[in-house]
>>> print(open('model.txt').read())   # compact mmCIF, C-alpha atoms and all ligand atoms
# COMPACT_ATOMS: atom_id res chain seq x y z
CA MET A 2 -14.07 -5.41 -15.95
CA LYS A 3 -11.14 -5.47 -18.37
CA TYR A 4 -7.65 -4.28 -17.56
CA TYR A 5 -5.11 -3.01 -20.06
CA SER A 6 -1.36 -2.79 -19.81
CA LEU A 7 0.13 0.67 -19.41
CA ASN A 8 2.84 -0.38 -21.88
CA HIS A 9 0.01 -0.88 -24.44
CA ASN A 10 1.62 -3.96 -25.92
CA ALA A 11 -0.31 -6.82 -24.33
CA PRO A 12 -3.86 -8.15 -24.64
CA LYS A 13 -6.58 -6.84 -22.32
CA VAL A 14 -7.34 -9.26 -19.51
CA SER A 15 -10.03 -9.98 -16.93
CA PHE A 16 -9.67 -9.08 -13.24
CA GLN A 17 -8.80 -12.71 -12.53
CA GLU A 18 -6.01 -12.77 -15.11
CA ALA A 19 -4.66 -9.42 -13.94
CA VAL A 20 -4.49 -10.72 -10.36
CA LEU A 21 -2.91 -14.05 -11.22
CA GLN A 22 -0.36 -12.55 -13.62
CA GLY A 23 0.56 -9.51 -11.51
CA LEU A 24 2.30 -7.78 -14.39
CA ALA A 25 1.30 -7.90 -18.08
CA VAL A 26 3.44 -9.85 -20.56
CA ASP A 27 4.87 -6.56 -21.87
CA ARG A 28 5.98 -5.83 -18.26
CA GLY A 29 3.40 -3.02 -17.99
CA LEU A 30 1.17 -2.41 -14.97
CA TYR A 31 -2.50 -3.25 -15.40
CA PHE A 32 -5.06 -0.45 -15.29
CA PRO A 33 -8.89 -0.65 -15.29
CA GLU A 34 -10.47 0.15 -18.63
CA THR A 35 -13.13 2.38 -17.06
CA ILE A 36 -13.62 4.14 -13.74
CA MET A 37 -17.29 4.94 -13.17
CA THR A 38 -18.47 7.62 -10.77
CA LEU A 39 -20.71 6.41 -7.95
CA PRO A 40 -24.23 7.85 -7.67
CA THR A 41 -24.51 11.08 -5.65
CA SER A 42 -27.01 9.30 -3.38
CA PHE A 43 -24.15 7.06 -2.24
CA PHE A 44 -22.18 10.04 -0.95
CA GLU A 45 -25.27 11.78 0.44
CA THR A 46 -26.17 8.78 2.61
CA ILE A 47 -22.73 7.33 3.28
CA GLU A 48 -23.09 7.84 7.04
CA ASN A 49 -25.83 5.20 7.06
CA LEU A 50 -23.56 2.56 5.56
CA SER A 51 -21.15 0.23 7.36
CA ASN A 52 -17.50 0.05 6.29
CA GLU A 53 -18.24 -3.26 4.59
CA GLU A 54 -21.13 -1.81 2.61
CA ILE A 55 -19.05 1.18 1.53
CA ALA A 56 -16.20 -1.07 0.44
CA PHE A 57 -18.54 -3.30 -1.54
CA GLU A 58 -20.05 -0.35 -3.43
CA ALA A 59 -16.60 1.06 -4.13
CA ILE A 60 -14.87 -2.09 -5.41
CA LYS A 61 -17.62 -3.99 -7.20
CA GLN A 62 -17.19 -2.25 -10.57
CA PHE A 63 -13.54 -3.35 -10.68
CA ILE A 64 -14.44 -7.00 -10.30
CA GLY A 65 -17.65 -7.19 -12.31
CA ASN A 66 -19.22 -10.64 -12.32
CA GLU A 67 -15.96 -12.50 -11.79
CA ILE A 68 -16.63 -13.06 -8.11
CA PRO A 69 -20.24 -13.66 -7.00
CA GLU A 70 -21.69 -10.89 -4.85
CA ASN A 71 -22.08 -12.98 -1.70
CA ILE A 72 -18.45 -14.19 -1.92
CA LEU A 73 -17.15 -10.70 -2.59
CA LYS A 74 -18.99 -9.50 0.51
CA GLU A 75 -17.37 -12.30 2.52
CA ILE A 76 -13.93 -11.36 1.18
CA ILE A 77 -14.54 -7.74 2.19
CA ALA A 78 -15.74 -8.70 5.66
CA GLU A 79 -12.60 -10.78 6.26
CA THR A 80 -10.41 -8.01 4.84
CA LEU A 81 -11.88 -5.30 7.06
CA CYS A 82 -11.78 -7.16 10.38
CA PHE A 83 -10.34 -4.15 12.24
CA ASP A 84 -10.97 -0.43 12.82
CA PHE A 85 -9.87 2.65 10.88
CA PRO A 86 -10.13 5.44 13.45
CA VAL A 87 -9.82 9.11 12.52
CA ILE A 88 -8.10 10.91 15.41
CA GLU A 89 -7.97 14.68 15.86
CA VAL A 90 -4.35 15.68 16.43
CA GLU A 91 -4.68 19.46 16.11
CA LYS A 92 -7.46 21.77 15.07
CA ASN A 93 -8.40 20.70 11.51
CA ILE A 94 -5.64 18.06 11.39
CA TYR A 95 -6.52 14.40 11.70
CA SER A 96 -4.62 11.13 11.70
CA LEU A 97 -6.27 8.31 9.79
CA GLU A 98 -4.95 5.26 11.60
CA LEU A 99 -4.43 2.36 9.24
CA PHE A 100 -2.42 0.16 11.61
CA HIS A 101 -4.98 -1.78 13.60
CA GLY A 102 -4.75 -4.93 11.49
CA PRO A 103 -2.92 -8.19 12.19
CA THR A 104 0.56 -6.94 11.18
CA MET A 105 -0.05 -3.31 12.19
CA ALA A 106 0.61 -1.65 8.82
CA PHE A 107 -1.89 -0.49 6.21
CA LYS A 108 -0.68 -3.18 3.82
CA ASP A 109 -2.89 -5.66 5.69
CA VAL A 110 -5.92 -4.39 3.75
CA GLY A 111 -4.44 -5.07 0.32
CA ALA A 112 -2.76 -8.32 1.32
CA ARG A 113 -5.90 -9.78 2.91
CA PHE A 114 -8.08 -8.81 -0.02
CA MET A 115 -5.65 -10.14 -2.62
CA SER A 116 -5.07 -13.48 -0.89
CA ARG A 117 -8.80 -14.15 -0.66
CA CYS A 118 -9.37 -13.27 -4.32
CA ILE A 119 -6.62 -15.70 -5.33
CA SER A 120 -8.03 -18.34 -3.06
CA TYR A 121 -11.42 -17.95 -4.76
CA PHE A 122 -9.92 -18.11 -8.25
CA LYS A 123 -7.96 -21.25 -7.31
CA LYS A 124 -10.87 -23.14 -5.82
CA ASP A 125 -11.36 -25.70 -8.62
CA LYS A 126 -7.80 -25.92 -9.87
CA LYS A 127 -6.24 -28.26 -7.37
CA ASN A 128 -3.06 -29.37 -9.18
CA ASN A 129 -2.12 -26.02 -10.49
CA LYS A 130 -0.30 -24.32 -7.63
CA ASN A 131 0.48 -20.61 -7.68
CA THR A 132 3.58 -19.13 -6.14
CA VAL A 133 3.50 -15.64 -4.72
CA LEU A 134 7.01 -14.25 -4.81
CA VAL A 135 7.68 -11.02 -3.00
CA ALA A 136 10.67 -8.93 -1.97
CA THR A 137 10.29 -6.85 1.16
CA SER A 138 12.15 -4.05 2.85
CA GLY A 139 10.04 -4.60 5.96
CA ASP A 140 6.27 -4.25 6.11
CA THR A 141 5.13 -5.94 2.91
CA GLY A 142 6.57 -9.31 3.93
CA GLY A 143 4.67 -9.51 7.20
CA ALA A 144 1.37 -8.39 5.71
CA VAL A 145 1.66 -10.82 2.80
CA ALA A 146 2.69 -13.69 5.10
CA SER A 147 -0.24 -13.06 7.42
CA GLY A 148 -2.70 -12.42 4.57
CA PHE A 149 -1.83 -15.64 2.71
CA LEU A 150 -1.30 -17.94 5.70
CA GLY A 151 -3.16 -21.19 5.11
CA VAL A 152 -4.55 -20.17 1.70
CA LYS A 153 -4.83 -23.41 -0.27
CA GLY A 154 -3.09 -23.81 -3.63
CA VAL A 155 -0.76 -20.89 -2.95
CA GLU A 156 2.84 -21.03 -1.83
CA VAL A 157 4.38 -17.78 -0.62
CA ILE A 158 8.09 -17.04 -0.86
CA ILE A 159 9.36 -13.87 0.79
CA LEU A 160 12.83 -12.49 0.18
CA TYR A 161 14.25 -10.07 2.70
CA PRO A 162 17.68 -8.51 3.20
CA SER A 163 19.53 -10.17 6.06
CA GLY A 164 20.03 -7.86 9.04
CA LYS A 165 18.23 -4.92 7.36
CA VAL A 166 14.70 -5.34 8.70
CA SER A 167 13.67 -4.72 12.29
CA ASP A 168 13.43 -7.57 14.78
CA ILE A 169 9.63 -7.38 14.84
CA GLN A 170 9.39 -7.23 11.06
CA GLU A 171 11.66 -10.27 10.72
CA ARG A 172 9.62 -12.29 13.19
CA GLN A 173 6.40 -11.42 11.38
CA LEU A 174 7.64 -13.10 8.24
CA THR A 175 9.74 -15.98 9.59
CA THR A 176 7.56 -17.47 12.31
CA LEU A 177 4.33 -18.46 10.60
CA GLY A 178 5.31 -21.69 8.80
CA GLN A 179 2.68 -23.58 6.76
CA ASN A 180 2.64 -22.25 3.18
CA ILE A 181 4.94 -19.32 3.97
CA ARG A 182 8.67 -19.56 3.37
CA ALA A 183 11.19 -16.84 4.20
CA LEU A 184 14.46 -16.47 2.31
CA GLU A 185 17.12 -14.37 3.97
CA VAL A 186 19.23 -12.73 1.31
CA ASP A 187 22.84 -11.85 1.90
CA GLY A 188 22.50 -8.34 0.45
CA VAL A 189 20.29 -5.24 0.44
CA PHE A 190 16.64 -4.77 -0.57
CA ASP A 191 17.55 -3.97 -4.18
CA ASP A 192 19.25 -7.40 -4.44
CA CYS A 193 16.03 -9.08 -3.28
CA GLN A 194 14.01 -7.04 -5.76
CA ASP A 195 16.42 -7.88 -8.62
CA MET A 196 16.15 -11.60 -7.88
CA VAL A 197 12.35 -11.43 -7.90
CA LYS A 198 12.35 -9.55 -11.21
CA LYS A 199 14.74 -12.09 -12.72
CA ALA A 200 12.53 -14.96 -11.60
CA PHE A 201 9.49 -13.41 -13.31
CA LEU A 202 11.42 -13.24 -16.60
CA ASP A 203 12.97 -16.72 -16.33
CA PRO A 204 11.45 -19.13 -18.90
CA ASP A 205 12.48 -22.09 -16.73
CA LEU A 206 10.02 -20.90 -14.08
CA ARG A 207 6.92 -20.42 -16.29
CA HIS A 208 5.29 -23.55 -14.87
CA LYS A 209 5.45 -22.14 -11.34
CA ASN A 210 2.68 -19.58 -12.07
CA LEU A 211 4.53 -16.82 -10.29
CA THR A 212 2.63 -13.75 -9.19
CA SER A 213 3.66 -10.69 -7.25
CA ALA A 214 2.08 -9.37 -4.08
CA ASN A 215 3.23 -5.79 -4.09
CA SER A 216 1.07 -2.88 -5.08
CA ILE A 217 1.64 -3.47 -8.78
CA ASN A 218 -0.94 -6.23 -8.35
CA VAL A 219 -4.42 -4.77 -8.86
CA ALA A 220 -5.92 -6.84 -6.04
CA ARG A 221 -3.46 -5.39 -3.57
CA TRP A 222 -3.62 -1.89 -4.92
CA LEU A 223 -7.35 -1.19 -5.44
CA PRO A 224 -8.77 -2.06 -1.98
CA GLN A 225 -6.56 0.68 -0.57
CA MET A 226 -9.22 3.10 -1.83
CA PHE A 227 -11.54 1.96 0.97
CA TYR A 228 -10.13 4.01 3.79
CA PHE A 229 -10.39 7.31 1.91
CA PHE A 230 -14.14 6.69 1.85
CA PHE A 231 -14.12 5.80 5.57
CA ALA A 232 -12.34 9.06 6.43
CA TYR A 233 -14.84 11.02 4.34
CA LYS A 234 -17.68 9.37 6.20
CA ALA A 235 -16.09 10.31 9.55
CA LEU A 236 -15.49 13.96 8.63
CA LYS A 237 -18.34 14.70 6.26
CA LYS A 238 -20.54 16.55 8.74
CA GLN A 239 -17.91 19.27 9.16
CA ASN A 240 -18.64 20.26 5.59
CA GLN A 241 -15.14 21.51 4.77
CA PRO A 242 -12.84 20.59 1.84
CA LEU A 243 -10.64 17.56 2.54
CA ILE A 244 -6.93 17.28 1.90
CA PHE A 245 -5.17 13.93 2.21
CA SER A 246 -1.46 13.55 2.78
CA CYS A 247 -0.04 10.07 2.11
CA PRO A 248 3.45 9.10 3.18
CA SER A 249 4.54 7.66 -0.15
CA GLY A 250 7.08 5.10 -1.34
CA ASN A 251 5.76 3.15 -4.30
CA PHE A 252 2.75 5.53 -4.53
CA GLY A 253 0.20 2.71 -4.49
CA ASN A 254 -1.72 4.07 -1.54
CA ILE A 255 -2.09 7.62 -2.88
CA CYS A 256 -2.91 6.27 -6.33
CA ALA A 257 -5.84 4.33 -4.82
CA GLY A 258 -7.00 7.60 -3.22
CA ILE A 259 -6.97 9.29 -6.62
CA ILE A 260 -9.15 6.50 -8.00
CA ALA A 261 -11.61 7.22 -5.18
CA LYS A 262 -11.67 10.88 -6.22
CA LYS A 263 -12.30 9.81 -9.84
CA MET A 264 -15.29 7.87 -8.52
CA GLY A 265 -16.70 11.09 -7.11
CA LEU A 266 -15.33 11.13 -3.57
CA PRO A 267 -15.02 14.86 -2.77
CA ILE A 268 -11.32 15.22 -2.11
CA GLU A 269 -9.93 18.71 -2.66
CA HIS A 270 -6.24 17.90 -2.92
CA PHE A 271 -3.64 15.15 -2.44
CA VAL A 272 -0.18 15.49 -0.98
CA ALA A 273 2.44 12.81 -1.60
CA SER A 274 4.90 13.24 1.25
CA THR A 275 8.25 11.55 0.80
CA ASN A 276 11.53 11.15 2.63
CA VAL A 277 14.74 12.17 0.81
CA ASN A 278 13.88 9.70 -1.96
CA ASP A 279 12.38 12.60 -3.86
CA THR A 280 11.91 11.50 -7.47
CA VAL A 281 8.29 12.66 -7.57
CA PRO A 282 8.72 15.99 -5.72
CA ARG A 283 11.51 16.81 -8.17
CA PHE A 284 9.29 15.85 -11.11
CA LEU A 285 6.45 18.08 -9.87
CA LYS A 286 8.91 20.96 -9.60
CA ASN A 287 10.86 20.72 -12.85
CA GLY A 288 8.94 18.29 -15.09
CA PHE A 289 11.81 15.78 -15.42
CA TYR A 290 11.18 12.25 -14.26
CA ASP A 291 14.65 11.24 -13.19
CA PRO A 292 14.69 8.24 -10.82
CA LYS A 293 17.73 7.76 -8.58
CA PRO A 294 18.93 4.74 -6.57
CA SER A 295 17.18 4.67 -3.19
CA LYS A 296 18.79 6.06 -0.04
CA ALA A 297 18.29 4.52 3.40
CA THR A 298 16.21 6.59 5.86
CA ILE A 299 14.38 6.12 9.17
CA SER A 300 11.12 5.81 7.20
CA ASN A 301 12.45 2.72 5.45
CA ALA A 302 9.14 1.54 3.96
CA MET A 303 9.37 4.56 1.66
CA ASP A 304 12.98 4.11 0.54
CA VAL A 305 12.04 3.83 -3.11
CA GLY A 306 13.99 5.52 -5.90
CA ASN A 307 11.61 4.70 -8.77
CA PRO A 308 8.02 4.50 -7.49
CA SER A 309 6.24 1.79 -9.48
CA ASN A 310 2.71 3.22 -9.27
CA PHE A 311 3.47 6.76 -10.37
CA ILE A 312 2.77 5.73 -13.96
CA ARG A 313 -0.80 4.90 -12.92
CA ILE A 314 -1.22 8.41 -11.52
CA GLN A 315 0.07 9.92 -14.74
CA GLU A 316 -2.38 7.80 -16.68
CA MET A 317 -5.27 9.31 -14.71
CA TYR A 318 -4.06 12.79 -15.58
CA GLN A 319 -3.38 11.98 -19.26
CA ASN A 320 0.32 12.61 -18.61
CA ASP A 321 -0.54 16.30 -18.26
CA LEU A 322 1.64 17.83 -15.56
CA GLU A 323 -0.42 21.04 -15.29
CA LYS A 324 -3.60 19.05 -14.68
CA LEU A 325 -1.84 16.89 -12.11
CA ARG A 326 -0.50 19.92 -10.21
CA LYS A 327 -4.05 21.21 -9.66
CA ASP A 328 -4.97 18.14 -7.60
CA PHE A 329 -1.64 16.90 -6.38
CA SER A 330 1.45 18.23 -4.60
CA SER A 331 4.54 16.42 -3.41
CA TYR A 332 7.07 17.43 -0.76
CA THR A 333 10.27 15.84 0.53
CA PHE A 334 11.57 15.79 4.13
CA SER A 335 14.84 14.76 5.76
CA ASP A 336 15.27 12.41 8.72
CA GLU A 337 16.03 15.40 10.96
CA GLU A 338 12.78 17.12 9.98
CA THR A 339 10.93 13.85 10.54
CA LEU A 340 12.27 13.45 14.07
CA GLU A 341 11.48 17.11 14.85
CA ALA A 342 7.91 16.60 13.62
CA MET A 343 7.44 13.52 15.81
CA LYS A 344 8.54 15.60 18.81
CA THR A 345 6.33 18.57 17.87
CA ILE A 346 3.24 16.39 17.45
CA TYR A 347 3.90 14.63 20.74
CA LYS A 348 4.55 17.88 22.64
CA SER A 349 1.49 19.69 21.33
CA SER A 350 -1.06 16.89 21.56
CA GLY A 351 0.44 13.82 23.23
CA TYR A 352 -0.06 11.91 19.97
CA ILE A 353 2.60 9.29 19.26
CA SER A 354 3.45 9.09 15.56
CA GLU A 355 6.17 7.12 13.80
CA PRO A 356 8.46 8.31 10.99
CA HIS A 357 6.10 7.57 8.06
CA GLY A 358 3.08 9.24 9.62
CA ALA A 359 5.21 12.19 10.73
CA ILE A 360 6.29 12.78 7.12
CA GLY A 361 2.60 12.70 6.15
CA TYR A 362 1.94 15.33 8.84
CA LEU A 363 4.76 17.57 7.56
CA GLY A 364 3.48 17.46 3.97
CA LEU A 365 -0.03 18.22 5.16
CA LYS A 366 1.04 21.26 7.20
CA LYS A 367 2.85 22.64 4.18
CA GLU A 368 -0.08 22.17 1.82
CA LEU A 369 -2.69 23.52 4.25
CA GLN A 370 -1.06 26.95 3.92
CA ASN A 371 -2.57 27.05 0.41
CA HIS A 372 -6.10 26.10 1.50
CA GLN A 373 -8.19 28.25 3.81
CA ASN A 374 -10.90 26.35 5.65
CA ALA A 375 -9.74 22.89 4.67
CA ILE A 376 -9.48 19.86 6.89
CA GLY A 377 -6.26 17.89 6.60
CA ILE A 378 -5.87 14.15 7.07
CA PHE A 379 -2.53 12.37 7.16
CA LEU A 380 -2.37 8.62 6.84
CA GLU A 381 -0.68 6.98 9.81
CA THR A 382 0.50 3.91 7.91
CA ALA A 383 2.13 1.85 10.67
CA HIS A 384 1.89 1.37 14.42
CA PRO A 385 4.72 3.15 16.29
CA ILE A 386 5.78 -0.19 17.81
CA LYS A 387 7.05 -1.28 14.38
CA PHE A 388 9.60 1.51 14.56
CA LEU A 389 10.22 1.45 18.30
CA GLU A 390 14.00 1.79 17.80
CA THR A 391 13.28 5.33 16.55
CA VAL A 392 10.09 6.22 18.42
CA GLU A 393 11.10 5.36 21.99
CA PRO A 394 14.37 7.32 22.21
CA THR A 395 13.01 10.26 20.17
CA LEU A 396 9.92 10.78 22.31
CA ASN A 397 11.40 9.37 25.48
CA VAL A 398 8.48 6.98 25.91
CA LYS A 399 8.09 3.26 26.50
CA LEU A 400 5.53 1.68 24.19
CA PRO A 401 3.36 -1.17 25.42
CA ILE A 402 3.53 -4.25 23.18
CA PRO A 403 0.23 -4.84 21.34
CA THR A 404 -1.14 -8.41 21.32
CA GLN A 405 -0.58 -8.81 17.57
CA ILE A 406 3.14 -8.29 18.14
CA GLU A 407 3.39 -10.23 21.37
CA SER A 408 2.21 -13.36 19.61
CA VAL A 409 5.28 -13.48 17.34
CA LEU A 410 7.87 -12.51 19.95
CA GLY A 411 8.34 -15.89 21.60
CA VAL A 412 8.38 -17.93 18.38
CA GLU A 413 11.59 -19.16 16.80
CA LYS A 414 12.57 -17.72 13.44
CA VAL A 415 12.81 -20.12 10.47
CA SER A 416 14.52 -18.87 7.32
CA THR A 417 16.77 -20.14 4.52
CA LYS A 418 19.87 -18.11 3.72
CA ILE A 419 20.58 -17.46 0.06
CA ARG A 420 23.25 -15.45 -1.76
CA THR A 421 22.57 -15.56 -5.48
CA TYR A 422 19.78 -15.85 -8.02
CA GLU A 423 20.89 -19.45 -8.64
CA ASP A 424 20.14 -20.25 -4.99
CA LEU A 425 16.62 -18.84 -5.41
CA LYS A 426 16.07 -20.73 -8.63
CA ALA A 427 17.16 -24.00 -7.08
CA ILE A 428 14.51 -23.51 -4.41
CA LEU A 429 11.78 -22.58 -6.90
CA VAL A 430 12.36 -25.32 -9.49
C1 LIG B 1 4.49 0.63 2.28
C2 LIG B 1 4.48 1.74 3.26
C3 LIG B 1 4.36 3.09 2.85
C4 LIG B 1 4.37 3.51 1.40
O1 LIG B 1 3.19 3.16 0.73
P1 LIG B 1 3.14 3.21 -0.87
O2 LIG B 1 1.80 2.70 -1.22
O3 LIG B 1 4.24 2.28 -1.34
O4 LIG B 1 3.39 4.61 -1.29
C5 LIG B 1 4.28 4.07 3.83
N1 LIG B 1 4.33 3.76 5.14
C6 LIG B 1 4.46 2.48 5.57
C7 LIG B 1 4.54 2.22 7.02
C8 LIG B 1 4.53 1.42 4.66
O5 LIG B 1 4.66 0.17 5.09
>>> encode(input="model.txt", output="structure tokens", more="lines below")
Ligand SMILES: *Cc1c(COP(=O)(O)O)cnc(C)c1O
Amino acid sequence: MKYYSLNHNAPKVSFQEAVLQGLAVDRGLYFPETIMTLPTSFFETIENLSNEEIAFEAIKQFIGNEIPENILKEIIAETLCFDFPVIEVEKNIYSLELFHGPTMAFKDVGARFMSRCISYFKKDKKNNKNTVLVATSGDTGGAVASGFLGVKGVEVIILYPSGKVSDIQERQLTTLGQNIRALEVDGVFDDCQDMVKKAFLDPDLRHKNLTSANSINVARWLPQMFYFFFAYKALKKQNQPLIFSCPSGNFGNICAGIIAKKMGLPIEHFVASTNVNDTVPRFLKNGFYDPKPSKATISNAMDVGNPSNFIRIQEMYQNDLEKLRKDFSSYTFSDEETLEAMKTIYKSSGYISEPHGAIGYLGLKKELQNHQNAIGIFLETAHPIKFLETVEPTLNVKLPIPTQIESVLGVEKVSTKIRTYEDLKAILV
């Protein structure tokens, strides 16, 4: 499979090159040259397939012959080492729980898949180390650290804003050691992101083979399509149209869902639910794409002012807003509405959500008013324990600590404090 740059000013590359480069030389995101629909027999018999078999059928066209079938199956098995339950919350409203992985956020799927692809591509190139450089506002760092831990030939450097991630999130990225290094930046998330961008453009760092591990990387982005297929399998027998609501920040997750629809997965409609960082809801309303600096909210993994994957969504709809609106809606919600929704869900069903999932729920409720007879699914993208500072006082509950989290609690944090880009460069060179 070939990938082209959405800036259309760079050569087409293989899957391997797209993964190792992250971004094209013209700074564009890579996009697959073709998206083939899967045979109808696949959807008709999906209930007979395991998650691993479904994932293999879904992803194989995007990799072609660049990874042998048996190895790709192994990569998928290691990626999907946990469950993806679909839980009924209300009549015709389901939560698709994506938080049962090692760091308890959906990013585990993409991070595990990507790290294993890189590891495969690096297998014969011993001297030529790659450096994964990533800025995190919270969840990405932990998932990438866990996904890449012990992967040979890859060094991981994570930048995070000092004092601006939760205690659990910080521990998840500072306690692993080995090939993972955490840099604590005296600043906010945007400062971390700016430093990472600068490093990618710095000619002095060419030899470091830098790659990114956020959803701009095709190997982190594409496997996120898997769980839309899993939810379809779980709900297929009800024989009703399906509507998915994704709590969205960089729009990688929802964009992977749209790819699944392109491949023939019967999804009636998508809802991108956002916090007050509402660039896309505003665009859907008035047709002007006008990104703004991000604002801090209680759903901090979605505090994104200029969602990097939205351009991929527009590509799939030929930049035609009317076409997009038929399949796709986007709604924005405040912190107050989010907290109210968490309480409502808990009161009516006993289900404990966290701010991101609750925003997904709100967007779904709004969209379902336009669809008689549909089933709605919101993605619950993180375990409530990751946002316990909000969840416990809001719902007046005490959450038990899951084993994945317990294992990092007693370990001492190791990080290096940096202030400027020069500090980062000194570490990288
Ligand atoms: C990253 C993240 C999101 C946003 O996902 P995108 O793919 O960036 O839209 C939502 N919820 C949680 C908990 C996250 O960590």
>>> residues_near_ligand(input="model.txt", ligand="ligand LIG 1 (chain B)", cutoff="7 Å", atoms="all atoms listed in the file", output="ChimeraX atom specification")
/A:106-108,140-141,216,248-255,302-303,357,382-383
>>> write_last_selection(input="model.txt", atoms="C-alpha atoms", output="PDB file, in the coordinates of the input")
ATOM      1  CA  ALA A 106       0.610  -1.650   8.820  1.00  0.00           C
ATOM      2  CA  PHE A 107      -1.890  -0.490   6.210  1.00  0.00           C
ATOM      3  CA  LYS A 108      -0.680  -3.180   3.820  1.00  0.00           C
ATOM      4  CA  ASP A 140       6.270  -4.250   6.110  1.00  0.00           C
ATOM      5  CA  THR A 141       5.130  -5.940   2.910  1.00  0.00           C
ATOM      6  CA  SER A 216       1.070  -2.880  -5.080  1.00  0.00           C
ATOM      7  CA  PRO A 248       3.450   9.100   3.180  1.00  0.00           C
ATOM      8  CA  SER A 249       4.540   7.660  -0.150  1.00  0.00           C
ATOM      9  CA  GLY A 250       7.080   5.100  -1.340  1.00  0.00           C
ATOM     10  CA  ASN A 251       5.760   3.150  -4.300  1.00  0.00           C
ATOM     11  CA  PHE A 252       2.750   5.530  -4.530  1.00  0.00           C
ATOM     12  CA  GLY A 253       0.200   2.710  -4.490  1.00  0.00           C
ATOM     13  CA  ASN A 254      -1.720   4.070  -1.540  1.00  0.00           C
ATOM     14  CA  ILE A 255      -2.090   7.620  -2.880  1.00  0.00           C
ATOM     15  CA  ALA A 302       9.140   1.540   3.960  1.00  0.00           C
ATOM     16  CA  MET A 303       9.370   4.560   1.660  1.00  0.00           C
ATOM     17  CA  HIS A 357       6.100   7.570   8.060  1.00  0.00           C
ATOM     18  CA  THR A 382       0.500   3.910   7.910  1.00  0.00           C
ATOM     19  CA  ALA A 383       2.130   1.850  10.670  1.00  0.00           C
TER      20      ALA A 383
END
>>> residues_around(input="model.txt", residues="Ser300 in chain A", least_positions_apart="6", cutoff="9 Å", atoms="only C-alpha atoms", output="VMD selection string")
chain A and resid 276 336 339 355 to 357 360 388
>>> closest_residue(input="model.txt", among="A:Asn310, A:Ala273, A:Gly148, A:Asn301", to="Lys367 in chain A", atoms="all atoms listed in the file")
A:Ala273
>>> residues_around(input="model.txt", residues="Phe229 in chain A", least_positions_apart="5", cutoff="9 Å", atoms="all atoms listed in the file", output="list in words")
Leu97, Lys234, Phe245, Ala257, Gly258, Ala261, Lys262, Leu266 and Ile268 of chain A
>>> residues_around(input="model.txt", residues="Glu89 in chain A", least_positions_apart="6", cutoff="10 Å", atoms="all atoms listed in the file", output="JSON, numbers by chain")
{"A": [95, 96, 97, 350, 352, 377, 378]}
>>> residues_around(input="model.txt", residues="Asp109 in chain A", least_positions_apart="5", cutoff="9 Å", atoms="only C-alpha atoms", output="list in words")
Thr80, Leu99, Phe100, Gly102, Pro103, Thr104, Phe114, Thr141, Gly143, Ala144, Val145, Ser147 and Gly148 of chain A
>>> atom_distance(input="model.txt", atom1="CA of Ile68 in chain A", atom2="CA of Ile159 in chain A")
27.5 Å
>>> closest_residue(input="model.txt", among="A:Ala359, A:Leu365, A:Val272, A:Leu184", to="Asp424 in chain A", atoms="all atoms listed in the file")
A:Leu184
>>> atom_distance(input="model.txt", atom1="CA of Asp195 in chain A", atom2="CA of Arg28 in chain A")
14.4 Å
>>> residues_near_point(input="model.txt", point="(2.6, -10.7, -15.5)", cutoff="10 Å", atoms="all atoms listed in the file", output="list in words")
Ser6, Glu18, Ala19, Val20, Leu21, Gln22, Gly23, Leu24, Ala25, Val26, Asp27, Arg28, Gly29, Leu30, Tyr31, Phe201, Leu202, Asn210, Leu211, Thr212, Ser213, Ile217 and Asn218 of chain A
>>> write_last_selection(input="model.txt", atoms="C-alpha atoms", output="tab-separated table (two decimals), keeping the file's coordinate frame")
chain	number	residue	atom	x	y	z
A	6	SER	CA	-1.36	-2.79	-19.81
A	18	GLU	CA	-6.01	-12.77	-15.11
A	19	ALA	CA	-4.66	-9.42	-13.94
A	20	VAL	CA	-4.49	-10.72	-10.36
A	21	LEU	CA	-2.91	-14.05	-11.22
A	22	GLN	CA	-0.36	-12.55	-13.62
A	23	GLY	CA	0.56	-9.51	-11.51
A	24	LEU	CA	2.30	-7.78	-14.39
A	25	ALA	CA	1.30	-7.90	-18.08
A	26	VAL	CA	3.44	-9.85	-20.56
A	27	ASP	CA	4.87	-6.56	-21.87
A	28	ARG	CA	5.98	-5.83	-18.26
A	29	GLY	CA	3.40	-3.02	-17.99
A	30	LEU	CA	1.17	-2.41	-14.97
A	31	TYR	CA	-2.50	-3.25	-15.40
A	201	PHE	CA	9.49	-13.41	-13.31
A	202	LEU	CA	11.42	-13.24	-16.60
A	210	ASN	CA	2.68	-19.58	-12.07
A	211	LEU	CA	4.53	-16.82	-10.29
A	212	THR	CA	2.63	-13.75	-9.19
A	213	SER	CA	3.66	-10.69	-7.25
A	217	ILE	CA	1.64	-3.47	-8.78
A	218	ASN	CA	-0.94	-6.23	-8.35
>>> atom_distance(input="model.txt", atom1="CA of Tyr362 in chain A", atom2="CA of Asp328 in chain A")
18.1 Å
